[in-house]
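Next comes query-v5.txt, with compact mmCIF, C-alpha atoms.
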```txt
# COMPACT_ATOMS: atom_id res chain seq x y z
CA MET A 1 19.74 2.96 -28.12
CA ARG A 2 21.75 1.65 -25.17
CA LYS A 3 22.07 -2.08 -24.85
CA ARG A 4 22.83 -4.60 -22.16
CA TYR A 5 24.55 -7.95 -22.58
CA LEU A 6 23.53 -10.81 -20.32
CA ALA A 7 25.70 -13.86 -19.69
CA LEU A 8 23.49 -16.86 -18.96
CA LYS A 9 24.28 -20.20 -17.41
CA VAL A 10 21.94 -22.92 -18.62
CA GLU A 11 21.55 -25.91 -16.35
CA SER A 12 20.00 -28.89 -18.07
CA GLU A 13 20.51 -32.62 -18.01
CA MET A 14 20.07 -32.86 -21.80
CA PRO A 15 21.91 -30.74 -24.40
CA LEU A 16 19.65 -28.03 -25.80
CA GLY A 17 19.24 -26.69 -29.30
CA GLU A 18 19.78 -23.01 -30.01
CA ARG A 19 16.32 -22.63 -31.59
CA ASP A 20 14.50 -24.25 -28.67
CA PHE A 21 16.45 -22.10 -26.25
CA ILE A 22 15.64 -18.72 -27.81
CA ARG A 23 12.06 -19.76 -28.58
CA THR A 24 11.51 -20.61 -24.91
CA ILE A 25 12.86 -17.23 -23.83
CA TRP A 26 10.61 -15.42 -26.31
CA ASN A 27 7.59 -17.47 -25.17
CA SER A 28 8.30 -16.65 -21.56
CA ILE A 29 8.54 -12.91 -22.32
CA LEU A 30 5.32 -13.09 -24.35
CA GLN A 31 3.52 -14.88 -21.54
CA LEU A 32 4.59 -12.42 -18.86
CA PHE A 33 4.57 -9.11 -20.71
CA GLY A 34 2.57 -9.67 -23.89
CA GLU A 35 3.40 -8.59 -27.41
CA TYR A 36 3.78 -4.93 -26.44
CA GLY A 37 6.35 -5.81 -23.75
CA ALA A 38 8.16 -8.25 -26.02
CA SER A 39 8.48 -5.58 -28.71
CA GLN A 40 10.40 -3.35 -26.28
CA THR A 41 13.07 -5.91 -25.48
CA ASN A 42 15.04 -5.93 -28.78
CA LEU A 43 16.21 -9.35 -27.77
CA TYR A 44 19.00 -11.03 -29.71
CA LEU A 45 20.94 -14.21 -29.04
CA ILE A 46 24.60 -13.41 -29.55
CA GLU A 47 26.17 -16.68 -28.56
CA PHE A 48 25.03 -20.10 -27.44
CA ASN A 49 27.31 -22.84 -26.25
CA PRO A 50 25.30 -26.00 -25.45
CA GLU A 51 28.34 -27.97 -24.26
CA ASP A 52 29.37 -25.48 -21.57
CA GLY A 53 25.78 -24.37 -21.01
CA TYR A 54 26.65 -20.71 -21.60
CA ALA A 55 24.77 -18.14 -23.64
CA ILE A 56 24.98 -14.40 -24.26
CA LEU A 57 21.86 -12.34 -24.91
CA ARG A 58 21.51 -8.72 -25.91
CA CYS A 59 18.55 -6.54 -24.95
CA SER A 60 17.60 -2.93 -24.49
CA HIS A 61 18.96 -1.43 -21.24
CA LYS A 62 15.48 -0.32 -20.14
CA VAL A 63 14.08 -3.83 -20.02
CA VAL A 64 16.88 -5.80 -18.34
CA ASP A 65 14.68 -6.58 -15.34
CA MET A 66 11.82 -7.70 -17.58
CA VAL A 67 14.09 -10.06 -19.49
CA ARG A 68 15.65 -11.27 -16.26
CA ALA A 69 12.24 -11.99 -14.74
CA ALA A 70 11.11 -13.82 -17.87
CA ILE A 71 14.28 -15.92 -17.91
CA ALA A 72 13.87 -16.77 -14.20
CA THR A 73 10.39 -18.20 -14.80
CA ILE A 74 11.66 -20.79 -17.30
CA THR A 75 11.58 -24.21 -15.66
CA GLU A 76 11.55 -26.52 -18.69
CA ILE A 77 12.44 -26.70 -22.36
CA ASN A 78 10.84 -29.45 -24.46
CA GLU A 79 9.35 -30.88 -21.27
CA LYS A 80 12.80 -31.34 -19.73
CA PRO A 81 13.71 -29.51 -16.50
CA VAL A 82 15.95 -26.51 -17.06
CA ALA A 83 17.19 -23.64 -14.92
CA ILE A 84 18.66 -20.52 -16.49
CA HIS A 85 20.66 -18.16 -14.30
CA VAL A 86 21.84 -14.69 -15.26
CA LYS A 87 25.52 -14.66 -14.30
CA ARG A 88 26.55 -11.16 -15.34
CA VAL A 89 25.08 -8.09 -16.99
CA SER A 90 27.31 -5.65 -18.82
CA GLY A 91 27.12 -2.67 -21.13
CA THR A 92 29.61 -4.01 -23.67
CA LEU A 93 30.29 -7.44 -25.04
CA LYS A 94 34.02 -7.00 -24.45
CA SER A 95 33.67 -6.29 -20.74
CA LEU A 96 31.12 -9.07 -20.34
CA ARG A 97 33.53 -11.57 -21.89
CA LYS A 98 36.29 -10.28 -19.63
CA LYS A 99 34.08 -10.63 -16.53
CA ILE A 100 32.89 -14.15 -17.29
CA SER A 101 36.19 -15.53 -18.56
CA GLY A 102 37.42 -15.92 -14.99
CA ARG A 103 34.17 -17.50 -13.78
CA LYS A 104 33.71 -20.30 -16.29
CA MET B 1 28.91 -6.63 0.00
CA ARG B 2 25.41 -7.83 0.81
CA LYS B 3 24.86 -11.15 2.49
CA PHE B 4 21.88 -12.92 0.99
CA VAL B 5 19.63 -15.23 2.94
CA ASP B 6 17.12 -17.80 1.74
CA LEU B 7 14.82 -18.51 4.66
CA HIS B 8 12.80 -21.23 2.97
CA LEU B 9 14.69 -24.05 1.33
CA ARG B 10 12.51 -27.16 1.34
CA PRO B 11 14.50 -30.26 0.43
CA SER B 12 13.43 -33.64 1.75
CA ILE B 13 15.40 -33.87 4.99
CA ASN B 14 15.66 -37.66 4.67
CA ASN B 15 17.40 -37.38 1.31
CA LEU B 16 20.80 -36.01 2.32
CA SER B 17 22.23 -36.06 -1.21
CA GLN B 18 19.39 -33.79 -2.35
CA VAL B 19 19.96 -31.55 0.67
CA GLU B 20 23.66 -31.28 -0.22
CA LYS B 21 22.89 -30.58 -3.87
CA MET B 22 20.46 -27.80 -2.99
CA LEU B 23 22.81 -26.27 -0.43
CA LYS B 24 25.65 -26.30 -2.95
CA ARG B 25 23.45 -24.62 -5.54
CA SER B 26 22.36 -22.01 -2.96
CA SER B 27 25.99 -21.30 -2.14
CA ASP B 28 26.88 -21.00 -5.86
CA LEU B 29 24.01 -18.59 -6.36
CA GLY B 30 25.38 -16.32 -3.63
CA TYR B 31 23.39 -17.16 -0.51
CA GLY B 32 25.37 -17.03 2.74
CA SER B 33 22.64 -18.32 5.05
CA VAL B 34 19.88 -20.80 4.43
CA ALA B 35 16.93 -21.87 6.58
CA MET B 36 15.28 -25.24 6.26
CA PRO B 37 12.01 -26.20 7.89
CA LEU B 38 12.73 -29.08 10.25
CA PRO B 39 10.36 -31.53 11.94
CA PRO B 40 9.61 -30.53 15.56
CA ASN B 41 11.23 -33.61 17.06
CA ILE B 42 14.27 -33.84 14.80
CA PRO B 43 16.97 -36.11 16.30
CA ARG B 44 20.14 -34.30 17.35
CA GLU B 45 22.34 -36.53 15.19
CA LYS B 46 20.42 -35.54 12.09
CA LEU B 47 20.70 -31.88 12.96
CA TYR B 48 24.46 -32.23 13.44
CA ARG B 49 24.72 -34.01 10.09
CA LEU B 50 22.82 -31.16 8.39
CA LYS B 51 25.03 -28.59 10.10
CA ASN B 52 28.12 -30.52 8.92
CA ILE B 53 26.90 -30.51 5.33
CA CYS B 54 26.27 -26.77 5.57
CA GLU B 55 29.74 -26.16 7.00
CA ASN B 56 31.33 -28.16 4.17
CA VAL B 57 29.37 -26.22 1.56
CA GLY B 58 30.10 -22.88 3.25
CA VAL B 59 26.55 -21.92 4.15
CA ASP B 60 25.21 -20.93 7.57
CA LEU B 61 22.27 -23.15 8.58
CA VAL B 62 19.32 -21.48 10.27
CA THR B 63 16.84 -23.84 11.91
CA ARG B 64 13.22 -23.15 11.16
CA ILE B 65 9.86 -24.60 12.10
CA ASP B 66 6.72 -24.26 10.04
CA PHE B 67 3.34 -24.41 11.72
CA VAL B 68 0.15 -25.02 9.76
CA PRO B 69 -2.39 -24.85 12.60
CA LYS B 70 -6.12 -25.26 12.12
CA THR B 71 -7.05 -23.09 15.09
CA SER B 72 -5.44 -20.32 17.07
CA THR B 73 -5.43 -22.57 20.17
CA GLU B 74 -3.36 -25.14 18.27
CA LEU B 75 -0.98 -22.39 17.20
CA LEU B 76 -0.51 -21.18 20.77
CA ARG B 77 0.09 -24.73 21.98
CA ASN B 78 2.70 -25.35 19.29
CA LEU B 79 4.44 -22.05 19.96
CA ARG B 80 4.64 -22.83 23.67
CA ARG B 81 6.16 -26.26 22.97
CA PHE B 82 8.61 -25.59 20.17
CA ARG B 83 9.42 -21.89 19.95
CA ARG B 84 12.72 -22.02 21.81
CA LYS B 85 13.99 -25.04 19.91
CA PHE B 86 14.20 -23.29 16.53
CA GLU B 87 15.65 -20.02 15.32
CA ILE B 88 12.81 -19.07 12.99
CA THR B 89 9.09 -19.65 13.40
CA SER B 90 6.79 -19.45 10.43
CA VAL B 91 3.02 -19.83 10.44
CA THR B 92 1.03 -20.70 7.34
CA CYS B 93 -2.30 -19.01 7.93
CA ASN B 94 -5.20 -20.96 6.46
CA SER B 95 -7.92 -19.21 8.45
CA LYS B 96 -8.53 -15.66 9.53
CA GLY B 97 -8.44 -16.58 13.23
CA VAL B 98 -5.01 -18.16 12.89
CA ALA B 99 -3.78 -15.26 10.78
CA ARG B 100 -4.79 -12.69 13.40
CA GLN B 101 -3.31 -14.69 16.27
CA ALA B 102 -0.05 -15.23 14.37
CA ALA B 103 0.19 -11.55 13.45
CA LYS B 104 -0.13 -10.32 17.03
CA ASP B 105 2.15 -12.95 18.58
CA ARG B 106 5.76 -11.79 19.01
CA ARG B 107 7.01 -15.36 18.86
CA VAL B 108 5.96 -15.64 15.20
CA ASP B 109 8.61 -14.35 12.80
CA LEU B 110 7.09 -15.04 9.41
CA LEU B 111 3.53 -14.96 8.17
CA ALA B 112 2.96 -17.17 5.15
CA PHE B 113 -0.21 -17.62 3.15
CA SER B 114 -1.54 -20.18 0.73
CA THR B 115 -0.28 -19.67 -2.83
CA GLY B 116 -2.97 -21.58 -4.70
CA PHE B 117 -6.03 -20.00 -3.08
CA PRO B 118 -6.18 -16.19 -3.23
CA ARG B 119 -9.18 -16.21 -0.87
CA LYS B 120 -7.02 -17.79 1.78
CA ARG B 121 -4.59 -14.88 1.78
CA PHE B 122 -5.61 -12.88 4.83
CA PHE B 123 -2.97 -10.17 4.68
CA ASP B 124 -5.18 -7.10 4.88
CA ASN B 125 -4.86 -3.75 6.69
CA ALA B 126 -5.83 -5.17 10.12
CA GLU B 127 -3.39 -8.05 9.75
CA ALA B 128 -0.57 -5.71 8.69
CA LYS B 129 -1.25 -3.38 11.64
CA LEU B 130 -0.95 -6.29 14.09
CA ALA B 131 2.14 -7.70 12.36
CA SER B 132 3.82 -4.31 12.37
CA ARG B 133 3.38 -4.01 16.18
CA ALA B 134 4.60 -7.56 16.81
CA GLU B 135 7.61 -7.27 14.46
CA GLY B 136 6.32 -10.07 12.24
CA ALA B 137 7.28 -10.21 8.57
CA LEU B 138 5.38 -11.19 5.46
CA GLU B 139 7.03 -14.10 3.67
CA ILE B 140 6.71 -14.45 -0.10
CA ASP B 141 7.70 -17.78 -1.64
CA MET B 142 8.89 -17.25 -5.21
CA THR B 143 8.65 -20.85 -6.41
CA ALA B 144 4.91 -20.46 -6.93
CA LEU B 145 5.67 -17.80 -9.54
CA LEU B 146 7.77 -20.33 -11.45
CA PHE B 147 5.31 -23.20 -11.63
CA LEU B 148 2.00 -21.33 -11.80
CA TYR B 149 0.90 -20.62 -15.32
CA GLY B 150 -1.81 -18.52 -16.97
CA PHE B 151 -4.81 -17.45 -14.90
CA PRO B 152 -3.62 -18.81 -11.51
CA ARG B 153 -0.39 -16.82 -11.91
CA ILE B 154 -2.37 -13.69 -12.81
CA ARG B 155 -4.46 -14.06 -9.64
CA PHE B 156 -1.38 -14.78 -7.53
CA LEU B 157 0.46 -11.71 -8.86
CA SER B 158 -2.61 -9.59 -8.23
CA SER B 159 -2.82 -10.77 -4.58
CA LEU B 160 0.90 -10.17 -4.08
CA ARG B 161 0.64 -6.66 -5.52
CA LYS B 162 -2.07 -5.77 -2.99
CA GLU B 163 -0.17 -7.36 -0.10
CA VAL B 164 3.08 -5.59 -0.95
CA ALA B 165 1.26 -2.24 -1.02
CA ILE B 166 -0.32 -2.95 2.38
CA ALA B 167 3.01 -4.13 3.85
CA GLU B 168 4.73 -0.95 2.67
CA LYS B 169 1.91 1.20 4.10
CA PHE B 170 2.19 -0.37 7.57
CA LYS B 171 5.98 -0.85 7.41
CA VAL B 172 5.79 -4.63 7.70
CA PRO B 173 9.10 -6.12 6.55
CA ILE B 174 8.86 -8.36 3.51
CA VAL B 175 10.98 -11.49 3.31
CA ILE B 176 11.52 -13.08 -0.09
CA SER B 177 12.28 -16.79 0.03
CA SER B 178 12.70 -19.42 -2.61
CA GLY B 179 10.38 -22.09 -1.19
CA ALA B 180 12.19 -24.45 -3.56
CA THR B 181 11.81 -28.20 -3.19
CA ASP B 182 14.36 -28.96 -5.90
CA ALA B 183 17.69 -27.48 -7.00
CA SER B 184 16.31 -26.66 -10.46
CA LEU B 185 13.77 -24.31 -8.86
CA LEU B 186 16.41 -22.18 -7.16
CA ARG B 187 17.24 -18.76 -8.57
CA GLY B 188 19.82 -16.13 -7.64
CA PRO B 189 18.94 -13.13 -5.46
CA TYR B 190 19.08 -10.68 -8.37
CA ASP B 191 16.79 -12.91 -10.43
CA TYR B 192 14.31 -12.95 -7.55
CA SER B 193 14.49 -9.18 -7.25
CA ALA B 194 13.73 -8.91 -10.99
CA LEU B 195 10.77 -11.27 -10.47
CA ALA B 196 9.59 -9.12 -7.57
CA THR B 197 9.10 -6.21 -9.96
CA LEU B 198 6.18 -8.23 -11.38
CA PHE B 199 4.23 -7.45 -8.22
CA GLU B 200 5.53 -3.90 -8.01
CA LEU B 201 8.11 -4.39 -5.31
CA PRO B 202 10.98 -2.04 -6.25
CA ILE B 203 14.36 -3.72 -6.69
CA PRO B 204 16.05 -2.07 -3.66
CA LEU B 205 13.19 -3.23 -1.41
CA ALA B 206 13.29 -6.71 -2.93
CA LEU B 207 17.02 -6.93 -2.26
CA ARG B 208 16.35 -5.83 1.31
CA GLY B 209 13.81 -8.66 1.53
CA LEU B 210 16.53 -11.07 0.50
CA SER B 211 19.26 -9.76 2.79
CA GLU B 212 18.70 -7.21 5.58
CA ASN B 213 15.16 -8.21 6.59
CA PRO B 214 15.81 -11.95 7.00
CA LEU B 215 19.24 -11.28 8.55
CA ASN B 216 17.68 -8.99 11.16
CA ILE B 217 15.19 -11.71 12.10
CA VAL B 218 17.92 -14.35 12.39
CA GLU B 219 20.20 -12.09 14.47
CA ARG B 220 17.35 -10.99 16.74
CA ASN B 221 16.27 -14.58 17.39
CA ARG B 222 19.80 -15.85 17.93
CA LYS B 223 20.23 -13.15 20.58
CA LYS B 224 16.93 -14.19 22.15
CA LEU B 225 17.97 -17.83 22.25
CA SER B 226 21.39 -17.09 23.71
CA SER B 227 21.99 -17.83 27.39
CA GLY B 228 22.47 -14.20 28.37
CA TYR B 229 19.10 -13.00 27.13
CA VAL B 230 16.61 -11.89 29.77
CA ALA B 231 14.08 -9.60 28.05
CA PRO B 232 14.08 -7.22 25.07
CA GLY B 233 16.99 -4.85 25.67
CA LEU B 234 18.15 -6.72 28.79
CA PHE B 235 21.17 -9.05 28.68
CA VAL B 236 23.37 -10.67 31.30
CA VAL B 237 26.81 -9.18 30.69
CA ARG B 238 28.65 -10.81 33.61
CA ASP B 239 27.44 -13.25 36.24
CA VAL B 240 27.69 -12.77 40.00
CA LYS B 241 30.67 -15.11 40.48
CA HIS B 242 32.68 -13.18 37.94
CA CYS B 243 31.82 -9.85 39.61
CA LEU B 244 32.97 -11.10 43.06
CA ASP B 245 36.32 -12.19 41.61
CA VAL B 246 36.91 -8.71 40.31
```

Structure re-expressed in structure tokens:
Amino acid sequence: MRKRYLALKVESEMPLGERDFIRTIWNSILQLFGEYGASQTNLYLIEFNPEDGYAILRCSHKVVDMVRAAIATITEINEKPVAIHVKRVSGTLKSLRKKISGRK
Amino acid sequence: MRKFVDLHLRPSINNLSQVEKMLKRSSDLGYGSVAMPLPPNIPREKLYRLKNICENVGVDLVTRIDFVPKTSTELLRNLRRFRRKFEITSVTCNSKGVARQAAKDRRVDLLAFSTGFPRKRFFDNAEAKLASRAEGALEIDMTALLFLYGFPRIRFLSSLRKEVAIAEKFKVPIVISSGATDASLLRGPYDYSALATLFELPIPLALRGLSENPLNIVERNRKKLSSGYVAPGLFVVRDVKHCLDV
């Protein structure tokens, strides 16, 4: 199955935990698309850097827009305001890292 | 490369640091032009200060006025008074009478509807037909999708789905705006286009609603407000003095 890698920029005043971060994304997907939709995403957190506020997610290529929409609706984590922006989408981890290395 | 436009940024105008923060964020997210609703009698100095901030940030400021009239007479009065002072005119339609008047008036650029009350969304076939003739556009604020939750969001998405289908049927341009009051509620154009798929607006059309459609409105109105404009399709190219010299 083809995959897509998403580079995310997390904007938050407080440092976030990896577990809270991925749980919030899953909850958002569940809320918007239900269990059936969530099962199609094959979501996996590859990397999370709370200091820089960067994360890399992997999902199925067919559901990139679903995942993107779910991520866009996140406004808070643990009752603290958060904004998550998708910076780049790529087909391979290597090219994603190459693309975002210049933007950090 | 596409130029993205956010026609509805709603910072508190009195809080210039917040305005700057939001404009910076908009610029970082890839917006080239931003419209802010301004009070009808905004002092010139304040407007210059806002324009300066925009220049520093690298964003083109589009002036906008929002009307929330109770009656169609009030709408007409406001349009007569303020239309030529602002580049974009938006009308929030809270009654059917206002909605119909706004849709058929060529001076109205954007038709906006209440987000919290689906029964106050009057964008039906008749409204779309009028708007299509008058070159009005349907404005969709995306912030509501971020803060609504559960059943209200379901109802909102359902209304939007119907409105988008009607707008496509009658070829009414759709404009997607942020409607954000805070920098944390701003999202990038591609994130908004992904969100638009929730109400069955295809991504290419959503991107058009974030770039070409708002840009066309801004360009059209700037032409209209320029000194050489006489009527649709009629411009002063050279004045009489200049012609006599030649």

Requested in this report: Please determine the contact residues of chain A with respect to chain B at a cut-off of 6 Å, counting all atoms listed in the file, and supply them as a PyMOL selection string.
Outcome: chain A and resi 65+69+73+83

Query raised in the report: So which residues touch range 2-9 of chain A within 7 Å, counting all atoms listed in the file, skipping near sequence neighbours fewer than 3 positions away, as a PyMOL selection string?
Result: chain A and resi 53-61+84-93

Query raised in the report: If we count all atoms listed in the file, what is near range 13-20 of chain A at a cut-off of 10 Å, once residues fewer than 6 positions away on the same chain are taken out, given as JSON, numbers by chain?
Result: {"A": [26, 45, 47, 48, 49, 50, 51, 52, 53, 55, 77, 78, 80, 81, 82]}

Query - Separation of CA of Ser227 in chain B from CA of Glu87 in chain B, in Å and rounded to one decimal - result: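 Atom-to-atom, CA of Ser227 in chain B to CA of Glu87 in chain B, that is 13.8 Å.
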
Report summary line: Residue with the minimum atom-to-atom distance to Asn41 in chain B, picked from B:Lys70, B:Asn56, B:Ala126, B:Phe82 with all atoms listed in the file counted, is B:Phe82

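Going from CA of Glu139 in chain B over to CA of Pro43 in chain B, you cover 27.3 Å.
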
Report task. Fewer than 5 positions away in the same chain doesn't count, so skip those; otherwise give me all residues within 10 Å of Asn125 in chain B, counting all atoms listed in the file, as JSON, numbers by chain. Result -> {"B": [130, 131, 163, 165, 166, 167, 169, 170]}

Query raised in the report: Separation of CA of Gln18 in chain B and CA of Leu50 in chain B, in Å?
Result: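 Value for the CA of Gln18 in chain B-CA of Leu50 in chain B distance: 11.6 Å.
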
Report task. Excluding Val91 in chain B and any residue of its chain fewer than 4 positions from it, enumerate the residues within 6 Å of it, using all atoms listed in the file, and give them as a PyMOL selection string. Result -> chain B and resi 66-68+111-112

Output C-alpha atoms for every residue in the selection just made, as a CSV table (one decimal), in the coordinates of the input.
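Written file, again_8.csv:
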```csv
chain,number,residue,atom,x,y,z
B,66,ASP,CA,6.7,-24.3,10.0
B,67,PHE,CA,3.3,-24.4,11.7
B,68,VAL,CA,0.2,-25.0,9.8
B,111,LEU,CA,3.5,-15.0,8.2
B,112,ALA,CA,3.0,-17.2,5.2
```

Requested in this report: For Leu225 in chain B, list every protein, DNA or RNA residue within 8 Å, evaluated using all atoms listed in the file, and leave out those in the same chain fewer than 4 positions away; present the list as a VMD selection string.
Outcome: chain B and resid 84 87 221 229

Report summary line: Residue with the minimum atom-to-atom distance to Met1 in chain B, picked from B:Lys46, B:Val34, B:Ser211, B:Gly136 with all atoms listed in the file counted, is B:Ser211

**Report entry** Using only C-alpha atoms: which of A:Leu96, A:Val10, A:Ile25, A:Ala70 has the shortest distance to Tyr44 in chain A
**Finding:**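 Checking each of A:Leu96, A:Val10, A:Ile25, A:Ala70 against Tyr44 in chain A, counting only C-alpha atoms, the winner is A:Ile25.
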
Report task. Dump as a PyMOL selection string all residues having an atom at most 12 Å from (15.6, -8.1, 22.9), computed in the file's coordinates with all atoms listed in the file. Result -> chain B and resi 106-107+135+216-217+219-226+228-236

Report task. Name the residues, using the chain letters and numbers of the file, that sit within 7 Å of (-0.2, -20.3, 4.1) when counting all atoms listed in the file, and give them as a ChimeraX atom specification. Result -> /B:92-94,112-115

Resulting file, chosen residues, C-alpha atoms, as a JSON list (two decimals), in the frame of the given file:
```json
[["chain", "number", "residue", "atom", "x", "y", "z"],
["B", 92, "THR", "CA", 1.03, -20.70, 7.34],
["B", 93, "CYS", "CA", -2.30, -19.01, 7.93],
["B", 94, "ASN", "CA", -5.20, -20.96, 6.46],
["B", 112, "ALA", "CA", 2.96, -17.17, 5.15],
["B", 113, "PHE", "CA", -0.21, -17.62, 3.15],
["B", 114, "SER", "CA", -1.54, -20.18, 0.73],
["B", 115, "THR", "CA", -0.28, -19.67, -2.83]]
```

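Candidate residues B:Glu55, B:Asp60, B:Asp239, B:Glu74 were compared for distance to Leu215 in chain B, and the nearest is B:Asp60, using all atoms listed in the file.
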
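Taking all atoms listed in the file into account, Gly32 in chain B lies nearest to B:Leu210 out of the set B:Ala103, B:Leu210, B:Leu201, B:Leu110.
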